[in-house]
Amino acid sequence: MTETSVAAPRRTRPEGGRPPAAARRAARRNREGRLWPAHVLLSLGAVVTVFPLLWQVLTSFKSFGESTRVPPTFLPEHWDWSNYATVFSSIPFTDQLLNTVLMTLLRTVAQLLLCSMAAYAFARIAFPGRGALFLGFLAVLMVPSQLFLLPQYQIMQDLGWLNSLQALVVPGMFSAFGTFLLRQFFLGLPTELEEAARLDGANPFTVFWRIALPLARPGLLALGILTFLWSWNDLMWPLVVNTDPSQMPLSAGLATLQGAHLTEYPVLMAGSVLATLPVIVVFVAMQRHFIQGIAFSGMKG
Amino acid sequence: MSVDVEATAAAKPASPPPSEGAARSASSQRALRKRERRFLHRDKWWGYALIAPAGLGLAVFYLWPVLQTLYFSFTEWGPFGGTSWIGLENYRTMLHDPEVWQSLGNSLIYTVLVLLGIPVSMVLAVLLNLKGMRGTGFYRTLYFLPVVTMPAAVAVVWRWLYNGDVGILNQALDAIGVDGTYWVSDPGVVRFAVAAVGVWMTVGYNMILLLAGLQGIPQDYYEAASLDGAGRVRQFFSVTLPLLSPTLFFTTVLSVIQSLQVFDLIYMILGANTSVGVTNPAYSEGQTIVMLFFQKSFYDNQRAYGAAIVCVLFVLIMALTALQFRLQKRWVHYD
């Protein structure tokens, strides 16, 4: 034993307890002590990151007069809910919330189902033309989403779907990205269980549904989270297809709100709090999955 | 985009190379498993049936539209909806359209400025990865909040922070004796103002990717380096940076692809959606190429021209991504 490692326990021994643990604790405290500059930097960064969101919430509870005061107040003098009431009276908020929730849910469920089916076929079933079909999926994957926009709009127009829930949902039900992601996931799964089921005479769909899909849960979760986030926040497509406020999702509703109340910041803050709060709640509740899912796949471009 | 997944695979931790024999048997095993995998099911009708729903949807709503957009870009939109072939005319017009050049320039400047956030993310990731660091999950959650926040809402919030008269930023600057400006309507600063928000929105995302890369660096490399007498700084430059370079590359490629397509954030920050039309004097200094496409296609009723604009954007994205893949040989280490 070296000099220091003997000396450290001796000092703590009179207080009772086991010397090695105490020494370890002392070493850790020592290491943590040296970490304080890192904590200072990280906290500074965290303040810069969180402050805009905090200021958003605080402003949403201030009266217009108070929000423009110089110097500003930090906490609202009295918590004023009227900005939220104004949001409800200027845009059909409940309709838009419902549209957003339906759009997000339907797109996500459809993508999980359709993408996993196609992904499983690409990963496990041999059939002629598979390579060519997969290349077609890859081609879609490479293209930035703006290239689809004009013809998609025309399809909606031709179908008479402008200003409808179908317009918000249907094109977003299909995803080359999701298929690719889940295919990679299926390829990484061991095949033994599936082989066993196959030998028992199960057809490919049963093997997929009963065996492979449950094993692919982490991949499905990652895709589900990405689709949820991406659908909830999507702005350009809803702006294009649904111009009737009662058919808009919240993102487009927020744009309308900004158009109507350009300088009434407390109202705008209230609107943006309402539009983002559900995502923030889901994120905080499932943050580990969110972060893993996003790191796992690289967010959809 | 396909680069995502490809590069994620590349970004996986570089594990110390196994011995020759082990590598060979592992790879032959993998090949064997691959063959088995391929023959798991041979029922072609099941294959077609499972692919059909996604495949048809993608063909109708994605693959066909790409071809149509490409076709539109060579046509002229008649007043009654018909199209007539005009060859390269739209592209020729673009060459002489100052608005196109300006918004392309704006998008490129935004892209470059947002890339400056990657070193910030890198510093944060390195700090979070320090041995014995506590509260990592807490910091990660906070830094990730802007990533999940709706860009339209982010824009609304920052417009308020940036407000020239009573915004909190200018009031804070005032307090330390600096004159603020009208951040989102001053043509000289608007690009930097929106790029700062872009950085704010992406720092947490890039940090998570880089942190995953850092965690994949085997600890033995550091031990070996410190036995050789390398200090902390030396270790960073000769161990961390080279081993992280695949992740850095992936992060950069993704950032460029996403920044070039930016729309929501800047559209809303510039206040492009008011009932009275665009009133922002810095609009043309802020407008991105996707915003111009949106304007031309859906407001100015020049859809064919809009189609040509996004085709150019597509080519630009492909070219810049290809360029980065070529340049990676100079700085990215795979082993």
# chains A, B, ... in the order shown; residues from 1 in each chain; ligands from 1
call {"tool": "residues_around", "arguments": {"residues": "segment 135-146 of chain B", "least_positions_apart": "6", "cutoff": "7 Å", "atoms": "only C-alpha atoms", "output": "list in words"}}
result
Ala46, Thr49 and Val50 of chain A; Leu128, Met201, Gly204 and Tyr205 of chain B
call {"tool": "select_by_dssp", "arguments": {"residues": "segment 204-277 of chain A", "states": "alpha helix (DSSP H)", "output": "ChimeraX atom specification"}}
result
/A:204-206,213-215,217-233,236-241,250-260,265-277
call {"tool": "residues_around", "arguments": {"residues": "segment 240-243 of chain B", "least_positions_apart": "2", "cutoff": "10 Å", "atoms": "only C-alpha atoms", "output": "NGL selection string"}}
result
:B and (11 or 13-15 or 122 or 126 or 213-214 or 216-218 or 221-222 or 233-238 or 245-248 or 331-335)
call {"tool": "closest_residue", "arguments": {"among": "A:Gln154, A:Ser164, A:Thr206, A:Ser251", "to": "chain B", "atoms": "only C-alpha atoms"}}
result
A:Ser251
call {"tool": "atom_distance", "arguments": {"atom1": "atom CA of Leu254 of chain A", "atom2": "atom CA of Val143 of chain A"}}
result
28.0 Å
call {"tool": "residues_around", "arguments": {"residues": "Tyr120 of chain A", "least_positions_apart": "2", "cutoff": "12 Å", "atoms": "only C-alpha atoms", "output": "JSON, numbers by chain"}}
result
{"A": [112, 113, 114, 115, 116, 117, 118, 122, 123, 124, 125, 126, 130, 178, 179, 180, 181, 182, 183, 184, 185, 186, 187, 188, 189, 194, 204, 205, 206, 207, 208, 209, 211, 212, 213, 215, 216], "B": [37, 38, 40, 41, 46, 47, 48, 49, 50, 51, 54]}
call {"tool": "write_last_selection", "arguments": {"atoms": "C-alpha atoms", "output": "PDB file, in the first residue's frame"}}
result
ATOM      1  CA  LEU A 112     -45.607   1.575 -37.831  1.00  0.00           C
ATOM      2  CA  LEU A 113     -47.876  -0.982 -39.440  1.00  0.00           C
ATOM      3  CA  LEU A 114     -47.104  -0.386 -43.122  1.00  0.00           C
ATOM      4  CA  CYS A 115     -43.388   0.198 -42.686  1.00  0.00           C
ATOM      5  CA  SER A 116     -42.874  -2.847 -40.500  1.00  0.00           C
ATOM      6  CA  MET A 117     -44.727  -5.084 -42.969  1.00  0.00           C
ATOM      7  CA  ALA A 118     -42.644  -3.906 -45.898  1.00  0.00           C
ATOM      8  CA  PHE A 122     -37.387  -6.863 -47.454  1.00  0.00           C
ATOM      9  CA  ALA A 123     -35.444  -8.374 -44.581  1.00  0.00           C
ATOM     10  CA  ARG A 124     -36.674 -11.940 -44.583  1.00  0.00           C
ATOM     11  CA  ILE A 125     -38.594 -13.011 -47.675  1.00  0.00           C
ATOM     12  CA  ALA A 126     -36.961 -13.991 -50.942  1.00  0.00           C
ATOM     13  CA  ARG A 130     -36.970  -7.464 -54.314  1.00  0.00           C
ATOM     14  CA  GLY A 178     -39.387   4.115 -41.658  1.00  0.00           C
ATOM     15  CA  THR A 179     -39.203   1.060 -43.892  1.00  0.00           C
ATOM     16  CA  PHE A 180     -35.451   1.404 -44.167  1.00  0.00           C
ATOM     17  CA  LEU A 181     -35.017   1.927 -40.436  1.00  0.00           C
ATOM     18  CA  LEU A 182     -37.085  -1.122 -39.517  1.00  0.00           C
ATOM     19  CA  ARG A 183     -35.483  -3.268 -42.204  1.00  0.00           C
ATOM     20  CA  GLN A 184     -32.120  -2.556 -40.622  1.00  0.00           C
ATOM     21  CA  PHE A 185     -33.635  -3.487 -37.295  1.00  0.00           C
ATOM     22  CA  PHE A 186     -35.080  -6.781 -38.517  1.00  0.00           C
ATOM     23  CA  LEU A 187     -31.765  -7.679 -40.148  1.00  0.00           C
ATOM     24  CA  GLY A 188     -30.100  -7.332 -36.767  1.00  0.00           C
ATOM     25  CA  LEU A 189     -32.485  -9.737 -35.034  1.00  0.00           C
ATOM     26  CA  GLU A 194     -38.646 -17.298 -36.534  1.00  0.00           C
ATOM     27  CA  PRO A 204     -44.820 -15.563 -43.106  1.00  0.00           C
ATOM     28  CA  PHE A 205     -47.405 -13.133 -41.842  1.00  0.00           C
ATOM     29  CA  THR A 206     -47.907 -15.067 -38.611  1.00  0.00           C
ATOM     30  CA  VAL A 207     -44.155 -15.294 -38.092  1.00  0.00           C
ATOM     31  CA  PHE A 208     -43.882 -11.572 -38.696  1.00  0.00           C
ATOM     32  CA  TRP A 209     -46.812 -10.625 -36.478  1.00  0.00           C
ATOM     33  CA  ILE A 211     -42.522 -13.419 -33.462  1.00  0.00           C
ATOM     34  CA  ALA A 212     -40.600 -10.713 -35.279  1.00  0.00           C
ATOM     35  CA  LEU A 213     -42.740  -7.684 -34.460  1.00  0.00           C
ATOM     36  CA  LEU A 215     -38.816  -8.493 -30.918  1.00  0.00           C
ATOM     37  CA  ALA A 216     -38.587  -5.287 -32.921  1.00  0.00           C
TER      38      ALA A 216
ATOM     39  CA  ARG B  37     -31.677 -15.168 -43.435  1.00  0.00           C
ATOM     40  CA  ARG B  38     -32.232 -14.767 -47.133  1.00  0.00           C
ATOM     41  CA  LEU B  40     -36.104 -17.784 -44.255  1.00  0.00           C
ATOM     42  CA  HIS B  41     -39.228 -17.467 -46.370  1.00  0.00           C
ATOM     43  CA  TRP B  46     -46.401 -13.067 -49.139  1.00  0.00           C
ATOM     44  CA  GLY B  47     -43.501 -10.809 -50.006  1.00  0.00           C
ATOM     45  CA  TYR B  48     -45.514  -8.808 -52.506  1.00  0.00           C
ATOM     46  CA  ALA B  49     -48.527  -8.669 -50.199  1.00  0.00           C
ATOM     47  CA  LEU B  50     -46.545  -7.305 -47.279  1.00  0.00           C
ATOM     48  CA  ILE B  51     -44.801  -4.701 -49.395  1.00  0.00           C
ATOM     49  CA  ALA B  54     -46.331   0.822 -48.267  1.00  0.00           C
TER      50      ALA B  54
END
call {"tool": "residues_around", "arguments": {"residues": "Ala195 of chain B", "least_positions_apart": "2", "cutoff": "6 Å", "atoms": "only C-alpha atoms", "output": "number ranges by chain"}}
result
B: 110, 113-114, 192-193, 197-198
call {"tool": "closest_residue", "arguments": {"among": "B:Val239, B:Leu104, B:Val290, B:Leu115", "to": "chain A", "atoms": "only C-alpha atoms"}}
result
B:Val290
call {"tool": "residues_around", "arguments": {"residues": "Trp77 of chain B", "least_positions_apart": "6", "cutoff": "8 Å", "atoms": "only C-alpha atoms", "output": "MDAnalysis selection string"}}
result
chainID B and resid 83:84 302:304
call {"tool": "atom_distance", "arguments": {"atom1": "atom CA of Pro72 of chain A", "atom2": "atom CA of Val166 of chain B"}}
result
8.2 Å
call {"tool": "closest_residue", "arguments": {"among": "B:Ile257, B:Ala272, B:Val310, B:Val148", "to": "Met142 of chain A", "atoms": "only C-alpha atoms"}}
result
B:Ile257
call {"tool": "residues_around", "arguments": {"residues": "segment 260-270 of chain B", "least_positions_apart": "2", "cutoff": "8 Å", "atoms": "only C-alpha atoms", "output": "PyMOL selection string"}}
result
(chain A and resi 144+235-236+255) or (chain B and resi 107-108+110-111+151-152+154-156+158-159+184-185+194+256-258+272-273+280+282-283+286-291+317)
call {"tool": "closest_residue", "arguments": {"among": "B:Glu89, B:Asp228, B:Asp97, B:Asp174", "to": "chain A", "atoms": "only C-alpha atoms"}}
result
B:Asp174
